[in-house]
$ cat target.cif   # mmCIF, C-alpha atoms
data_target
loop_
_atom_site.group_PDB
_atom_site.id
_atom_site.type_symbol
_atom_site.label_atom_id
_atom_site.label_comp_id
_atom_site.auth_asym_id
_atom_site.auth_seq_id
_atom_site.Cartn_x
_atom_site.Cartn_y
_atom_site.Cartn_z
ATOM 1 C CA MET G 1 -4.949 30.741 -9.403
ATOM 2 C CA THR G 2 -1.915 31.148 -7.143
ATOM 3 C CA GLN G 3 -1.014 28.618 -4.487
ATOM 4 C CA GLN G 4 -1.648 31.194 -1.764
ATOM 5 C CA THR G 5 -5.112 31.785 -3.179
ATOM 6 C CA ARG G 6 -5.823 28.072 -3.325
ATOM 7 C CA LEU G 7 -4.706 27.586 0.270
ATOM 8 C CA ALA G 8 -6.735 30.537 1.456
ATOM 9 C CA MET G 9 -9.788 29.010 -0.188
ATOM 10 C CA TYR G 10 -9.606 25.723 1.668
ATOM 11 C CA LYS G 11 -11.765 25.273 4.726
ATOM 12 C CA ALA G 12 -12.832 22.295 6.809
ATOM 13 C CA GLY G 13 -15.080 19.983 4.834
ATOM 14 C CA ASP G 14 -13.685 20.903 1.418
ATOM 15 C CA ASP G 15 -12.838 18.074 -0.936
ATOM 16 C CA LEU G 16 -9.520 18.162 -2.788
ATOM 17 C CA PRO G 17 -9.562 17.544 -6.549
ATOM 18 C CA PRO G 18 -9.340 13.746 -7.014
ATOM 19 C CA LEU G 19 -6.801 11.952 -9.178
ATOM 20 C CA ALA G 20 -7.354 8.578 -10.900
ATOM 21 C CA LYS G 21 -4.703 6.324 -12.397
ATOM 22 C CA THR G 22 -4.586 2.769 -13.667
ATOM 23 C CA ILE G 23 -2.014 0.309 -12.341
ATOM 24 C CA THR G 24 -0.283 -1.881 -14.910
ATOM 25 C CA GLN G 25 2.305 -4.619 -14.564
ATOM 26 C CA GLU G 26 4.581 -2.500 -16.729
ATOM 27 C CA LYS G 27 4.388 0.406 -14.288
ATOM 28 C CA ILE G 28 5.050 -1.967 -11.397
ATOM 29 C CA GLY G 29 8.121 -3.263 -13.203
ATOM 30 C CA ARG G 30 9.373 0.255 -13.812
ATOM 31 C CA TYR G 31 8.863 1.138 -10.163
ATOM 32 C CA ALA G 32 10.761 -1.996 -9.146
ATOM 33 C CA ASP G 33 13.681 -0.843 -11.285
ATOM 34 C CA ALA G 34 13.609 2.675 -9.827
ATOM 35 C CA SER G 35 13.227 1.647 -6.196
ATOM 36 C CA GLY G 36 15.395 -1.449 -6.331
ATOM 37 C CA ASP G 37 12.551 -3.454 -4.786
ATOM 38 C CA HIS G 38 12.357 -6.515 -7.005
ATOM 39 C CA ASN G 39 10.363 -8.603 -4.551
ATOM 40 C CA PRO G 40 8.812 -11.314 -6.774
ATOM 41 C CA LEU G 41 5.467 -10.548 -5.169
ATOM 42 C CA HIS G 42 5.555 -7.439 -7.346
ATOM 43 C CA THR G 43 7.336 -8.662 -10.433
ATOM 44 C CA ASP G 44 6.845 -12.430 -10.870
ATOM 45 C CA PRO G 45 3.240 -13.385 -11.731
ATOM 46 C CA GLU G 46 3.924 -17.108 -11.333
ATOM 47 C CA PHE G 47 5.444 -16.702 -7.882
ATOM 48 C CA ALA G 48 2.851 -14.163 -6.798
ATOM 49 C CA ALA G 49 0.035 -16.527 -7.833
ATOM 50 C CA SER G 50 1.279 -18.994 -5.229
ATOM 51 C CA THR G 51 1.057 -16.478 -2.387
ATOM 52 C CA GLN G 52 -1.844 -15.316 -0.243
ATOM 53 C CA PHE G 53 -2.305 -12.434 -2.685
ATOM 54 C CA GLY G 54 -3.025 -14.728 -5.645
ATOM 55 C CA GLY G 55 -1.134 -12.509 -8.079
ATOM 56 C CA THR G 56 1.230 -9.591 -8.310
ATOM 57 C CA VAL G 57 0.530 -6.451 -6.347
ATOM 58 C CA ALA G 58 1.863 -2.918 -6.732
ATOM 59 C CA HIS G 59 4.447 -1.481 -4.391
ATOM 60 C CA GLY G 60 2.693 0.497 -1.690
ATOM 61 C CA MET G 61 5.003 3.416 -2.419
ATOM 62 C CA LEU G 62 3.879 3.471 -6.064
ATOM 63 C CA VAL G 63 0.267 3.889 -4.985
ATOM 64 C CA LEU G 64 1.344 6.422 -2.362
ATOM 65 C CA ALA G 65 2.976 8.425 -5.162
ATOM 66 C CA TYR G 66 -0.513 8.926 -6.639
ATOM 67 C CA LEU G 67 -1.674 10.360 -3.329
ATOM 68 C CA SER G 68 1.309 12.699 -3.311
ATOM 69 C CA GLU G 69 0.581 13.786 -6.887
ATOM 70 C CA MET G 70 -2.998 14.605 -5.883
ATOM 71 C CA LEU G 71 -1.630 16.688 -2.993
ATOM 72 C CA THR G 72 0.841 18.469 -5.264
ATOM 73 C CA SER G 73 -2.026 19.363 -7.590
ATOM 74 C CA ALA G 74 -4.073 20.625 -4.653
ATOM 75 C CA PHE G 75 -1.401 22.511 -2.714
ATOM 76 C CA GLY G 76 1.432 23.095 -5.169
ATOM 77 C CA GLU G 77 4.836 23.859 -3.724
ATOM 78 C CA ARG G 78 3.448 24.036 -0.180
ATOM 79 C CA TRP G 79 3.161 20.264 -0.261
ATOM 80 C CA VAL G 80 6.598 19.783 -1.734
ATOM 81 C CA ASP G 81 8.326 22.277 0.560
ATOM 82 C CA GLY G 82 6.798 21.384 3.895
ATOM 83 C CA GLY G 83 4.108 18.710 3.637
ATOM 84 C CA ARG G 84 3.843 15.843 6.093
ATOM 85 C CA MET G 85 1.974 12.576 5.765
ATOM 86 C CA LYS G 86 1.331 9.533 7.915
ATOM 87 C CA ALA G 87 0.013 6.716 5.735
ATOM 88 C CA ARG G 88 -1.230 3.213 6.388
ATOM 89 C CA PHE G 89 -1.231 0.580 3.656
ATOM 90 C CA ARG G 90 -4.526 -1.261 4.092
ATOM 91 C CA ALA G 91 -4.932 -3.394 0.974
ATOM 92 C CA PRO G 92 -2.889 -4.106 -2.149
ATOM 93 C CA ALA G 93 -3.420 -2.586 -5.582
ATOM 94 C CA ARG G 94 -3.237 -5.003 -8.483
ATOM 95 C CA PRO G 95 -2.512 -4.677 -12.203
ATOM 96 C CA GLY G 96 -5.664 -3.455 -13.905
ATOM 97 C CA ASP G 97 -6.906 -1.581 -10.857
ATOM 98 C CA THR G 98 -7.963 2.024 -11.237
ATOM 99 C CA VAL G 99 -6.741 3.855 -8.155
ATOM 100 C CA THR G 100 -8.453 7.087 -7.149
ATOM 101 C CA ALA G 101 -6.705 9.407 -4.696
ATOM 102 C CA THR G 102 -8.967 11.750 -2.760
ATOM 103 C CA GLY G 103 -8.701 14.084 0.203
ATOM 104 C CA ARG G 104 -10.852 16.204 2.466
ATOM 105 C CA VAL G 105 -9.808 19.145 4.612
ATOM 106 C CA THR G 106 -10.512 18.310 8.236
ATOM 107 C CA ARG G 107 -9.147 21.433 9.930
ATOM 108 C CA VAL G 108 -7.362 24.676 9.188
ATOM 109 C CA ASP G 109 -5.516 26.142 12.158
ATOM 110 C CA ASP G 110 -2.134 27.320 13.408
ATOM 111 C CA GLY G 111 -0.981 27.945 9.877
ATOM 112 C CA THR G 112 -1.625 24.360 8.867
ATOM 113 C CA VAL G 113 -4.163 22.713 6.586
ATOM 114 C CA ARG G 114 -4.971 19.220 7.877
ATOM 115 C CA CYS G 115 -6.540 16.632 5.589
ATOM 116 C CA ALA G 116 -7.713 13.049 5.585
ATOM 117 C CA ALA G 117 -6.651 11.412 2.347
ATOM 118 C CA GLU G 118 -7.014 7.968 0.861
ATOM 119 C CA CYS G 119 -6.630 5.815 -2.208
ATOM 120 C CA ARG G 120 -9.407 3.432 -3.243
ATOM 121 C CA ASN G 121 -9.682 0.921 -6.054
ATOM 122 C CA GLN G 122 -12.548 0.720 -8.526
ATOM 123 C CA ALA G 123 -14.497 -1.463 -6.073
ATOM 124 C CA GLY G 124 -14.298 1.227 -3.410
ATOM 125 C CA GLU G 125 -11.862 -0.732 -1.264
ATOM 126 C CA VAL G 126 -9.519 1.500 0.742
ATOM 127 C CA LEU G 127 -5.930 0.785 -0.258
ATOM 128 C CA ILE G 128 -4.237 3.592 1.660
ATOM 129 C CA SER G 129 -5.454 5.999 4.301
ATOM 130 C CA ALA G 130 -3.387 8.969 5.388
ATOM 131 C CA ASP G 131 -3.319 11.973 7.672
ATOM 132 C CA VAL G 132 -1.815 14.959 5.896
ATOM 133 C CA GLU G 133 -0.533 18.348 7.032
ATOM 134 C CA VAL G 134 0.364 21.188 4.689
ATOM 135 C CA PRO G 135 1.695 24.587 5.801
ATOM 136 C CA ALA G 136 -0.696 27.388 4.915
ATOM 137 C CA MET S 1 23.413 -9.663 2.071
ATOM 138 C CA GLN S 2 21.770 -9.294 5.453
ATOM 139 C CA THR S 3 18.044 -8.668 5.738
ATOM 140 C CA LEU S 4 16.056 -6.433 8.039
ATOM 141 C CA ALA S 5 15.240 -9.556 10.038
ATOM 142 C CA ASN S 6 18.788 -9.662 11.377
ATOM 143 C CA LEU S 7 18.840 -6.114 12.651
ATOM 144 C CA VAL S 8 18.206 -4.898 16.169
ATOM 145 C CA LYS S 9 16.738 -1.636 17.406
ATOM 146 C CA GLY S 10 19.323 1.109 17.144
ATOM 147 C CA HIS S 11 21.148 -0.409 14.189
ATOM 148 C CA GLU S 12 22.529 2.345 11.984
ATOM 149 C CA PHE S 13 22.975 1.747 8.291
ATOM 150 C CA PRO S 14 26.148 3.042 6.646
ATOM 151 C CA ALA S 15 25.466 6.377 4.968
ATOM 152 C CA THR S 16 24.773 6.132 1.257
ATOM 153 C CA GLU S 17 25.091 8.772 -1.434
ATOM 154 C CA PHE S 18 23.228 8.996 -4.708
ATOM 155 C CA GLU S 19 23.280 11.380 -7.609
ATOM 156 C CA LEU S 20 19.818 12.197 -8.849
ATOM 157 C CA THR S 21 20.659 11.407 -12.467
ATOM 158 C CA SER S 22 18.373 12.238 -15.345
ATOM 159 C CA GLY S 23 18.336 8.533 -16.214
ATOM 160 C CA TRP S 24 17.094 7.490 -12.778
ATOM 161 C CA VAL S 25 14.546 10.306 -12.652
ATOM 162 C CA GLY S 26 13.340 9.345 -16.128
ATOM 163 C CA GLY S 27 12.812 5.768 -14.990
ATOM 164 C CA TYR S 28 10.947 6.914 -11.901
ATOM 165 C CA MET S 29 8.757 9.282 -13.913
ATOM 166 C CA ALA S 30 7.948 6.499 -16.379
ATOM 167 C CA ALA S 31 6.657 4.444 -13.456
ATOM 168 C CA VAL S 32 4.562 7.047 -11.644
ATOM 169 C CA GLU S 33 3.768 9.547 -14.434
ATOM 170 C CA ASP S 34 3.661 12.425 -11.929
ATOM 171 C CA ARG S 35 3.676 15.719 -13.848
ATOM 172 C CA ALA S 36 1.997 17.824 -11.152
ATOM 173 C CA LEU S 37 5.113 19.917 -10.524
ATOM 174 C CA ALA S 38 6.055 20.313 -14.173
ATOM 175 C CA ALA S 39 4.260 23.632 -14.713
ATOM 176 C CA SER S 40 5.472 25.506 -11.643
ATOM 177 C CA ARG S 41 8.829 23.846 -10.973
ATOM 178 C CA PRO S 42 10.050 22.143 -14.162
ATOM 179 C CA ASP S 43 13.480 21.560 -12.611
ATOM 180 C CA ALA S 44 12.141 19.792 -9.519
ATOM 181 C CA VAL S 45 11.472 16.083 -9.184
ATOM 182 C CA PRO S 46 8.335 14.795 -7.414
ATOM 183 C CA PRO S 47 8.891 14.509 -3.660
ATOM 184 C CA MET S 48 8.008 10.827 -3.664
ATOM 185 C CA ALA S 49 11.032 10.270 -5.903
ATOM 186 C CA ILE S 50 13.194 11.132 -2.905
ATOM 187 C CA ALA S 51 11.247 8.612 -0.862
ATOM 188 C CA ALA S 52 11.763 5.933 -3.511
ATOM 189 C CA LEU S 53 15.462 6.680 -3.590
ATOM 190 C CA SER S 54 15.729 6.408 0.186
ATOM 191 C CA ILE S 55 14.025 3.021 0.087
ATOM 192 C CA ARG S 56 16.469 1.975 -2.598
ATOM 193 C CA ALA S 57 19.353 3.010 -0.370
ATOM 194 C CA LEU S 58 17.907 0.946 2.448
ATOM 195 C CA LEU S 59 17.383 -2.144 0.302
ATOM 196 C CA GLU S 60 20.942 -1.973 -0.964
ATOM 197 C CA ARG S 61 22.090 -2.386 2.642
ATOM 198 C CA ALA S 62 19.540 -4.898 3.904
ATOM 199 C CA GLY S 63 17.025 -6.889 1.909
ATOM 200 C CA LEU S 64 13.439 -7.503 2.876
ATOM 201 C CA PRO S 65 12.863 -10.826 4.656
ATOM 202 C CA PRO S 66 10.555 -13.318 2.926
ATOM 203 C CA GLY S 67 6.952 -12.484 3.639
ATOM 204 C CA ALA S 68 7.700 -8.868 4.544
ATOM 205 C CA ILE S 69 4.843 -6.398 4.172
ATOM 206 C CA HIS S 70 5.160 -2.607 4.095
ATOM 207 C CA VAL S 71 2.370 -1.548 6.444
ATOM 208 C CA GLY S 72 2.968 2.147 7.034
ATOM 209 C CA GLN S 73 4.908 5.168 5.907
ATOM 210 C CA GLU S 74 5.508 8.570 7.440
ATOM 211 C CA LEU S 75 6.999 11.336 5.313
ATOM 212 C CA ALA S 76 8.029 14.924 5.911
ATOM 213 C CA PHE S 77 9.194 16.954 2.936
ATOM 214 C CA ARG S 78 11.379 20.008 3.602
ATOM 215 C CA ARG S 79 12.103 21.204 0.082
ATOM 216 C CA ALA S 80 12.187 20.042 -3.511
ATOM 217 C CA VAL S 81 15.304 18.654 -5.165
ATOM 218 C CA SER S 82 16.427 18.811 -8.776
ATOM 219 C CA VAL S 83 18.027 16.521 -11.302
ATOM 220 C CA GLY S 84 21.782 16.424 -10.869
ATOM 221 C CA GLN S 85 21.800 17.003 -7.121
ATOM 222 C CA ARG S 86 23.667 14.608 -4.878
ATOM 223 C CA LEU S 87 21.689 13.148 -2.002
ATOM 224 C CA SER S 88 22.914 11.403 1.121
ATOM 225 C CA VAL S 89 20.724 8.903 2.919
ATOM 226 C CA ALA S 90 21.031 7.963 6.584
ATOM 227 C CA ALA S 91 18.900 5.250 8.169
ATOM 228 C CA ARG S 92 18.528 3.490 11.491
ATOM 229 C CA VAL S 93 16.239 0.894 13.020
ATOM 230 C CA ALA S 94 14.062 3.039 15.281
ATOM 231 C CA SER S 95 11.832 0.340 16.712
ATOM 232 C CA ARG S 96 11.454 -3.419 16.733
ATOM 233 C CA GLY S 97 8.727 -5.368 18.468
ATOM 234 C CA GLU S 98 7.221 -8.803 18.201
ATOM 235 C CA ARG S 99 3.649 -9.933 18.562
ATOM 236 C CA ALA S 100 1.761 -13.053 17.565
ATOM 237 C CA GLY S 101 4.670 -14.391 15.573
ATOM 238 C CA TRP S 102 5.277 -11.220 13.583
ATOM 239 C CA VAL S 103 7.996 -8.609 13.919
ATOM 240 C CA LEU S 104 6.976 -4.968 13.525
ATOM 241 C CA MET S 105 9.937 -2.771 12.630
ATOM 242 C CA GLY S 106 10.228 0.981 12.104
ATOM 243 C CA VAL S 107 13.136 2.354 10.129
ATOM 244 C CA ASP S 108 13.900 6.068 10.217
ATOM 245 C CA LEU S 109 15.358 7.637 7.094
ATOM 246 C CA SER S 110 16.856 11.060 6.509
ATOM 247 C CA VAL S 111 17.780 12.405 3.090
ATOM 248 C CA ALA S 112 19.979 15.487 2.771
ATOM 249 C CA VAL S 113 21.607 17.666 0.152
ATOM 250 C CA GLY S 114 24.864 18.619 1.770
ATOM 251 C CA LYS S 115 23.928 19.382 5.364
ATOM 252 C CA ASP S 116 20.353 20.387 4.553
ATOM 253 C CA GLU S 117 17.763 17.720 5.204
ATOM 254 C CA VAL S 118 15.256 17.577 2.350
ATOM 255 C CA MET S 119 13.116 14.689 3.589
ATOM 256 C CA SER S 120 12.672 12.566 6.681
ATOM 257 C CA ALA S 121 10.639 9.402 6.844
ATOM 258 C CA ARG S 122 9.742 6.338 8.835
ATOM 259 C CA ALA S 123 8.971 3.096 7.040
ATOM 260 C CA VAL S 124 7.080 0.451 9.024
ATOM 261 C CA VAL S 125 7.371 -3.150 7.893
ATOM 262 C CA THR S 126 6.231 -6.430 9.337
ATOM 263 C CA PHE S 127 7.545 -9.928 8.684
ATOM 264 C CA PRO S 128 7.302 -13.393 10.207
ATOM 265 C CA ALA S 129 9.278 -13.631 13.438
ATOM 266 C CA ALA S 130 10.680 -16.975 12.434
ATOM 267 C CA GLU S 131 12.766 -15.177 9.836
ATOM 268 C CA GLY S 132 14.418 -13.027 12.472
ATOM 269 C CA ALA S 133 17.753 -13.876 14.042
ATOM 270 C CA ALA S 134 17.974 -10.808 16.256
#

$ encode --input "target.cif" --output "structure tokens"
Amino acid sequence: MTQQTRLAMYKAGDDLPPLAKTITQEKIGRYADASGDHNPLHTDPEFAASTQFGGTVAHGMLVLAYLSEMLTSAFGERWVDGGRMKARFRAPARPGDTVTATGRVTRVDDGTVRCAAECRNQAGEVLISADVEVPA
Amino acid sequence: MQTLANLVKGHEFPATEFELTSGWVGGYMAAVEDRALAASRPDAVPPMAIAALSIRALLERAGLPPGAIHVGQELAFRRAVSVGQRLSVAARVASRGERAGWVLMGVDLSVAVGKDEVMSARAVVTFPAAEGAA
């Protein structure tokens, strides 16, 4: 199916194909290396245990990357070449969490597909919520 | 190194340039395992890689204050980039406010290849006001 066909198919109320991934401390460490964000809250279990979080948490941008991957799968190059997103980090993801990224089309107008997207953990807690726009 | 806590609204970070090396991209891909573009655009890197790189550029200029929390992120992708391309990152403190002992700061980022912007973003962070000197 071409991207144009996929976009033409979407209408308000449609669910985007979900994506699930598991967070590990190893992935968090790799993301810290790539992003340069070595905040011990992410990388030092002993330090993180002494904080309000009680243990290490994933970088918000790592979890947001899962949302972006879900959108790339749903919209292809339209997302990459013109997508916009406004995201709010609502709760942390922790090592061992399974994060599921989902989205629903809220409106299609003016050449734009608008979606509400979010990431939840295995307990159903919302980790990220986002408003998304993709050119049709 | 200074931290975001020391910066006032309007502060502009010195421009930073990065080459999107295969080594860096490989490290990023090992972290996020995003293969969604691989079939249609095998040369392109995931758009969030550009975002990660822009955050890296920011953190190399100003660290996060203790207790800082990333609360929001806006992103606008213009076009994909490929391994080997050279990216420039510009950033400025777009907003800074204080409420109930916490600073809320927005930092605007722009990433370009040559003169063509490939991504713009706003990162919103909050941190204890006591850490701020501005």

$ resolve_selection --input "target.cif" --expression "the PyMOL selection byres ((chain G) within 6 of (chain S))" --output "number ranges by chain"
G: 27, 30-31, 34-36, 65, 73, 80-89

$ atom_distance --input "target.cif" --atom1 "CA of Val63 (chain G)" --atom2 "CA of Lys9 (chain S)"
28.3 Å

$ atom_distance --input "target.cif" --atom1 "CA of Asp33 (chain G)" --atom2 "CA of Gln2 (chain S)"
20.4 Å

$ residues_around --input "target.cif" --residues "Phe18 (chain S)" --least-positions-apart "6" --cutoff "8 Å" --atoms "only C-alpha atoms" --output "list in words"
Arg86, Leu87 and Ser88 of chain S

$ residues_around --input "target.cif" --residues "region 119-122 of chain G" --least-positions-apart "2" --cutoff "7 Å" --atoms "only C-alpha atoms" --output "number ranges by chain"
G: 67, 97-102, 124-129

$ write_last_selection --input "target.cif" --atoms "C-alpha atoms" --output "JSON list (two decimals), in the coordinates of the input"
[["chain", "number", "residue", "atom", "x", "y", "z"],
["G", 67, "LEU", "CA", -1.67, 10.36, -3.33],
["G", 97, "ASP", "CA", -6.91, -1.58, -10.86],
["G", 98, "THR", "CA", -7.96, 2.02, -11.24],
["G", 99, "VAL", "CA", -6.74, 3.86, -8.15],
["G", 100, "THR", "CA", -8.45, 7.09, -7.15],
["G", 101, "ALA", "CA", -6.70, 9.41, -4.70],
["G", 102, "THR", "CA", -8.97, 11.75, -2.76],
["G", 124, "GLY", "CA", -14.30, 1.23, -3.41],
["G", 125, "GLU", "CA", -11.86, -0.73, -1.26],
["G", 126, "VAL", "CA", -9.52, 1.50, 0.74],
["G", 127, "LEU", "CA", -5.93, 0.78, -0.26],
["G", 128, "ILE", "CA", -4.24, 3.59, 1.66],
["G", 129, "SER", "CA", -5.45, 6.00, 4.30]]

$ closest_residue --input "target.cif" --among "G:Pro18, G:Gly76, G:Gly111, G:Gly103" --to "Val132 (chain G)" --atoms "only C-alpha atoms"
G:Gly103

$ residues_around --input "target.cif" --residues "Ala94 (chain S)" --least-positions-apart "5" --cutoff "7 Å" --atoms "only C-alpha atoms" --output "list in words"
Lys9, Gly10, Gly106, Val107 and Asp108 of chain S

$ closest_residue --input "target.cif" --among "G:Ala136, G:Ser68, G:Pro92, G:Thr22" --to "Gln52 (chain G)" --atoms "all atoms listed in the file"
G:Pro92

$ residues_around --input "target.cif" --residues "Pro40 (chain G)" --least-positions-apart "2" --cutoff "12 Å" --atoms "only C-alpha atoms" --output "PyMOL selection string"
(chain G and resi 28-29+32+36-38+42-51+53+55-59) or (chain S and resi 64+66-68)
